[in-house]
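Chemist: Okay, here's the structure, questions in a sec.
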Amino acid sequence: MSTHVNRPIPADDERTRRWRLVLGGGDADGTGRALTGTDAAMDGALTALYGRTRQPDRAGRDRAGRDRSAGLGASAPSVVRWLGDIRTYFPSSVVQVMQRDAIDRLGLATLLLEPEMLDAVEADVHLVGTLLSLHKAMPETTRETARAVVRKVVDDLEKRLAGRTRATLTGALDRSARISRPRHRDIDWDRTIRANLKHYLPEHGTVVPERLIGHGRASRGIRKEVVLCVDQSGSMAASVVHASVFGAVLASMRSIATRLVVFDTAVVDLTDRMDDPVDVLFGTQLGGGTDINRALAHCQSKITRPSDTVLVLISDLYEGGIRDEMLKRVAAMKASGVQFVALLALSDEGAPAYDRDHAAALAALGVPAFACTPDLFPEVMAAALEKRPLPIPAD
């Protein structure tokens, strides 16, 4: 009678499994590992997307001369099944990456015009950008589904960002409203004493304040103005989505007058739609050229209180307009008292490709250009409202 003995799994077995999934099998993978069950299904989903890396020619062979051996096909049903598979086998963050790769590598963007596809995808900021680039071509049957997908992403962003943004900017507005020569009833005694402790006189047991700090008077009127000037070229899609959300949050604050301008070679003022970020997003047209100078000219013409205004330019700085005029315009606005902020991106991905010469020229004018994450944006705005150095992230 034989006895079955449970043998321990070799320590490197999991590593071999992962390498097999990465390499994709075949004679050249070198692992000698066969996959079964869930692993085989995962491998199939990966192979459908990554099994070929080059676009096929008309004869059905890739440009290196090899036969095609994988793909998702051209039909929505097969893609929907694949989307269901990857959501089963991979975490949400990986699903979103694979969706983006499928759109980029396999040319599946046009399938997003079909409602059943939109019901199957994992909604994220990058998918919203793709939908916005396609929305002019969407059939009527798809538009409501697309709006629902965009609405979900926007609502999720607002829940994550709105509360902290309002709290941070309210604090900045309160601090900027404090006055240095207050009347007696407006003195903030706690802050005044702390600021003047070095002037304590032990022999008299008292502090002689050299500087009085006042609360300032609460104002229900507009205290600051913010202009968001957003590049809507294709590479800036995620930034446009985040800017629309922040624009709505800022517009909800009664003490800040907010304007939202998007541009490519044309300029569109979307200020009257800012109460609904989804309306803002469907008012954009991603893609096309870039004329930063023209956009800044429009923004400059709307500024009535320069010393109380923050202008935020969100762009990769590839200028298709008149470069020298753009820089002169920036210099003129700064000289008038405008706080000018240049963001290369407003997204979680960091800085995209950008025009380094223009970034250097702005830096020479005292306007450093840097990429900003959505989580850092409230701090950047608070610093600009208070006219203090911006919290520029380290490279």
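Chain labels A, B, ... are given in the sequence in which chains occur in the structure tokens; within each chain residues are numbered consecutively from 1, and ligands are likewise numbered from 1 in the order shown.
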When DSSP works through the backbone of this structure, what residues of segment 74-257 of chain A end up as strand (DSSP E or B), shown as a list in words?
Modeler: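 Selecting the strand (DSSP E or B) positions of segment 74-257 of chain A gives Ile187, Tyr200, Leu201, Thr206, Val207, Gly214, Lys224, Glu225, Val226, Val227, Leu228, Cys229, Val230, Asp231, Ile256 and Ala257 of chain A.
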Chemist: Calculated over only C-alpha atoms, which of the candidates A:Glu325, A:Glu379, A:Asp308, A:Glu122 has the smallest distance to Val95 of chain A?
Modeler: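 Closest to Val95 of chain A of all the choices is A:Glu122.
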Chemist: Applying 12 Å and only C-alpha atoms, which residues near Ala363 of chain A remain after dropping the ones on its own chain fewer than 2 positions away? List them as a ChimeraX atom specification.
Modeler: /A:327,330-331,340-343,356-361,365-370
Chemist: So that each row is one residue of segment 201-251 of chain A with an atom at most 7 Å from segment 280-294 of chain A, can you give its shortest atom pair and the distance in Å to one decimal, using only C-alpha atoms, rows by chain and rising number, as a tab-separated table?
Modeler:
```
residue	atom	partner	partner_atom	distance
A:Gln232	CA	A:Leu286	CA	5.1
A:Ser233	CA	A:Gly287	CA	4.3
A:Gly234	CA	A:Gly287	CA	4.2
A:Ala237	CA	A:Leu286	CA	6.9
A:Val241	CA	A:Leu281	CA	6.8
A:Ser244	CA	A:Val280	CA	6.4
```
Chemist: Among segment 92-230 of chain A, which ones does DSSP assign to alpha helix (DSSP H) (computed from the backbone)? Answer as a VMD selection string.
Modeler: chain A and resid 92 to 106 115 to 120 125 to 134 140 to 177 189 to 195
Chemist: Take the residues from that selection and write them out as a short mmCIF file (atom, residue, chain, number, x, y, z; two decimals), in the first residue's frame, keeping C-alpha atoms.
Modeler:
```
data_model
loop_
_atom_site.label_atom_id
_atom_site.label_comp_id
_atom_site.auth_asym_id
_atom_site.auth_seq_id
_atom_site.Cartn_x
_atom_site.Cartn_y
_atom_site.Cartn_z
CA SER A 92 -8.80 47.48 -10.70
CA SER A 93 -5.51 49.38 -11.08
CA VAL A 94 -4.16 46.72 -13.46
CA VAL A 95 -7.45 46.60 -15.38
CA GLN A 96 -7.22 50.33 -16.06
CA VAL A 97 -3.68 49.99 -17.40
CA MET A 98 -4.69 47.07 -19.66
CA GLN A 99 -7.68 49.02 -20.97
CA ARG A 100 -5.45 51.96 -21.89
CA ASP A 101 -2.98 49.60 -23.58
CA ALA A 102 -5.79 47.95 -25.54
CA ILE A 103 -6.98 51.32 -26.82
CA ASP A 104 -3.45 52.41 -27.75
CA ARG A 105 -2.06 49.13 -29.13
CA LEU A 106 -5.05 47.56 -30.81
CA PRO A 115 -23.07 51.25 -25.53
CA GLU A 116 -22.34 47.64 -24.57
CA MET A 117 -18.62 48.44 -24.57
CA LEU A 118 -19.09 51.39 -22.24
CA ASP A 119 -21.08 49.24 -19.83
CA ALA A 120 -18.17 46.79 -19.64
CA VAL A 125 -9.71 59.50 -15.82
CA HIS A 126 -7.90 58.18 -18.91
CA LEU A 127 -11.05 56.52 -20.25
CA VAL A 128 -12.88 59.82 -19.80
CA GLY A 129 -10.18 61.50 -21.89
CA THR A 130 -10.67 58.96 -24.66
CA LEU A 131 -14.45 59.41 -24.58
CA LEU A 132 -14.11 63.18 -24.76
CA SER A 133 -11.89 62.87 -27.83
CA LEU A 134 -14.60 60.74 -29.47
CA GLU A 140 -27.16 59.40 -30.07
CA THR A 141 -27.63 55.94 -28.56
CA THR A 142 -24.17 56.11 -26.97
CA ARG A 143 -24.10 59.67 -25.62
CA GLU A 144 -26.16 59.12 -22.49
CA THR A 145 -24.12 56.04 -21.59
CA ALA A 146 -20.91 58.02 -22.14
CA ARG A 147 -22.18 60.85 -19.93
CA ALA A 148 -22.98 58.32 -17.20
CA VAL A 149 -19.43 56.95 -17.36
CA VAL A 150 -17.95 60.46 -17.20
CA ARG A 151 -20.33 61.40 -14.37
CA LYS A 152 -19.17 58.45 -12.27
CA VAL A 153 -15.50 59.41 -12.59
CA VAL A 154 -16.21 63.10 -11.91
CA ASP A 155 -18.32 62.31 -8.84
CA ASP A 156 -15.58 60.07 -7.46
CA LEU A 157 -12.99 62.81 -7.97
CA GLU A 158 -15.20 65.42 -6.30
CA LYS A 159 -15.71 63.20 -3.26
CA ARG A 160 -11.96 62.74 -2.93
CA LEU A 161 -10.86 66.33 -3.58
CA ALA A 162 -13.63 68.81 -2.77
CA GLY A 163 -13.61 68.81 1.04
CA ARG A 164 -9.87 69.23 1.43
CA THR A 165 -9.72 71.86 -1.31
CA ARG A 166 -12.40 74.03 0.30
CA ALA A 167 -10.83 73.70 3.75
CA THR A 168 -7.32 74.52 2.52
CA LEU A 169 -8.38 77.53 0.46
CA THR A 170 -10.71 78.88 3.15
CA GLY A 171 -7.77 78.88 5.56
CA ALA A 172 -5.60 80.66 2.98
CA LEU A 173 -8.27 83.30 2.38
CA ASP A 174 -8.66 83.90 6.11
CA ARG A 175 -4.91 84.31 6.56
CA SER A 176 -4.59 86.64 3.57
CA ALA A 177 -7.44 88.78 4.98
CA TRP A 189 -4.47 88.78 20.58
CA ASP A 190 -3.34 85.12 20.57
CA ARG A 191 -1.44 85.48 17.30
CA THR A 192 -0.16 88.94 18.22
CA ILE A 193 1.36 87.69 21.50
CA ARG A 194 2.95 84.65 19.86
CA ALA A 195 4.45 86.84 17.13
#
```
Chemist: Find the residues near Leu35 of chain A: any atom within 12 Å, counting only C-alpha atoms, skip ones fewer than 4 places away on the same chain, and give them as a list of chain:residue names.
Modeler: A:Thr16, A:Arg17, A:Arg18, A:Trp19, A:Arg20, A:Leu21, A:Gly24, A:Gly25, A:Gly26, A:Thr31, A:Asp39, A:Ala40, A:Ala41, A:Met42, A:Asp43, A:Gly44
Chemist: Please produce a file of those selected residues containing N, CA and C atoms, as a CSV table (one decimal), in the first residue's frame.
Modeler:
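File produced: again_36.csv:
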```
chain,number,residue,atom,x,y,z
A,16,THR,N,8.8,31.3,-11.0
A,16,THR,CA,8.8,30.7,-12.3
A,16,THR,C,7.4,31.0,-12.9
A,17,ARG,N,6.3,30.8,-12.1
A,17,ARG,CA,5.0,31.1,-12.6
A,17,ARG,C,4.8,32.5,-13.1
A,18,ARG,N,5.3,33.5,-12.4
A,18,ARG,CA,5.2,34.9,-12.8
A,18,ARG,C,6.0,35.1,-14.1
A,19,TRP,N,7.2,34.6,-14.2
A,19,TRP,CA,8.0,34.7,-15.4
A,19,TRP,C,7.3,34.1,-16.6
A,20,ARG,N,6.6,33.0,-16.4
A,20,ARG,CA,5.9,32.3,-17.5
A,20,ARG,C,4.8,33.3,-18.0
A,21,LEU,N,4.1,33.9,-17.0
A,21,LEU,CA,3.0,34.8,-17.4
A,21,LEU,C,3.5,36.0,-18.1
A,24,GLY,N,5.0,34.8,-21.8
A,24,GLY,CA,4.0,34.4,-22.7
A,24,GLY,C,4.1,33.1,-23.3
A,25,GLY,N,5.0,32.2,-22.9
A,25,GLY,CA,5.0,30.8,-23.4
A,25,GLY,C,5.8,30.7,-24.7
A,26,GLY,N,5.6,29.6,-25.3
A,26,GLY,CA,6.3,29.4,-26.6
A,26,GLY,C,7.7,28.8,-26.4
A,31,THR,N,11.0,28.7,-19.4
A,31,THR,CA,10.6,28.3,-18.1
A,31,THR,C,10.2,26.9,-18.0
A,39,ASP,N,-4.6,30.3,-14.0
A,39,ASP,CA,-3.4,30.8,-14.6
A,39,ASP,C,-3.5,30.8,-16.2
A,40,ALA,N,-4.1,29.7,-16.7
A,40,ALA,CA,-4.2,29.6,-18.2
A,40,ALA,C,-5.2,30.7,-18.7
A,41,ALA,N,-6.2,31.0,-17.9
A,41,ALA,CA,-7.2,32.0,-18.3
A,41,ALA,C,-6.5,33.4,-18.3
A,42,MET,N,-5.7,33.7,-17.2
A,42,MET,CA,-5.0,34.9,-17.2
A,42,MET,C,-4.0,35.1,-18.3
A,43,ASP,N,-3.4,34.0,-18.6
A,43,ASP,CA,-2.4,34.0,-19.7
A,43,ASP,C,-3.1,34.3,-21.1
A,44,GLY,N,-4.3,33.7,-21.2
A,44,GLY,CA,-5.0,34.0,-22.5
A,44,GLY,C,-5.4,35.5,-22.6
```
Chemist: Could you check the closest approach to Asp355 of chain A for each of A:Arg211, A:Lys334, A:Arg323, A:Arg15 and tell me which residue wins, using only C-alpha atoms?
Modeler: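 Result for the nearest residue to Asp355 of chain A: A:Arg323.
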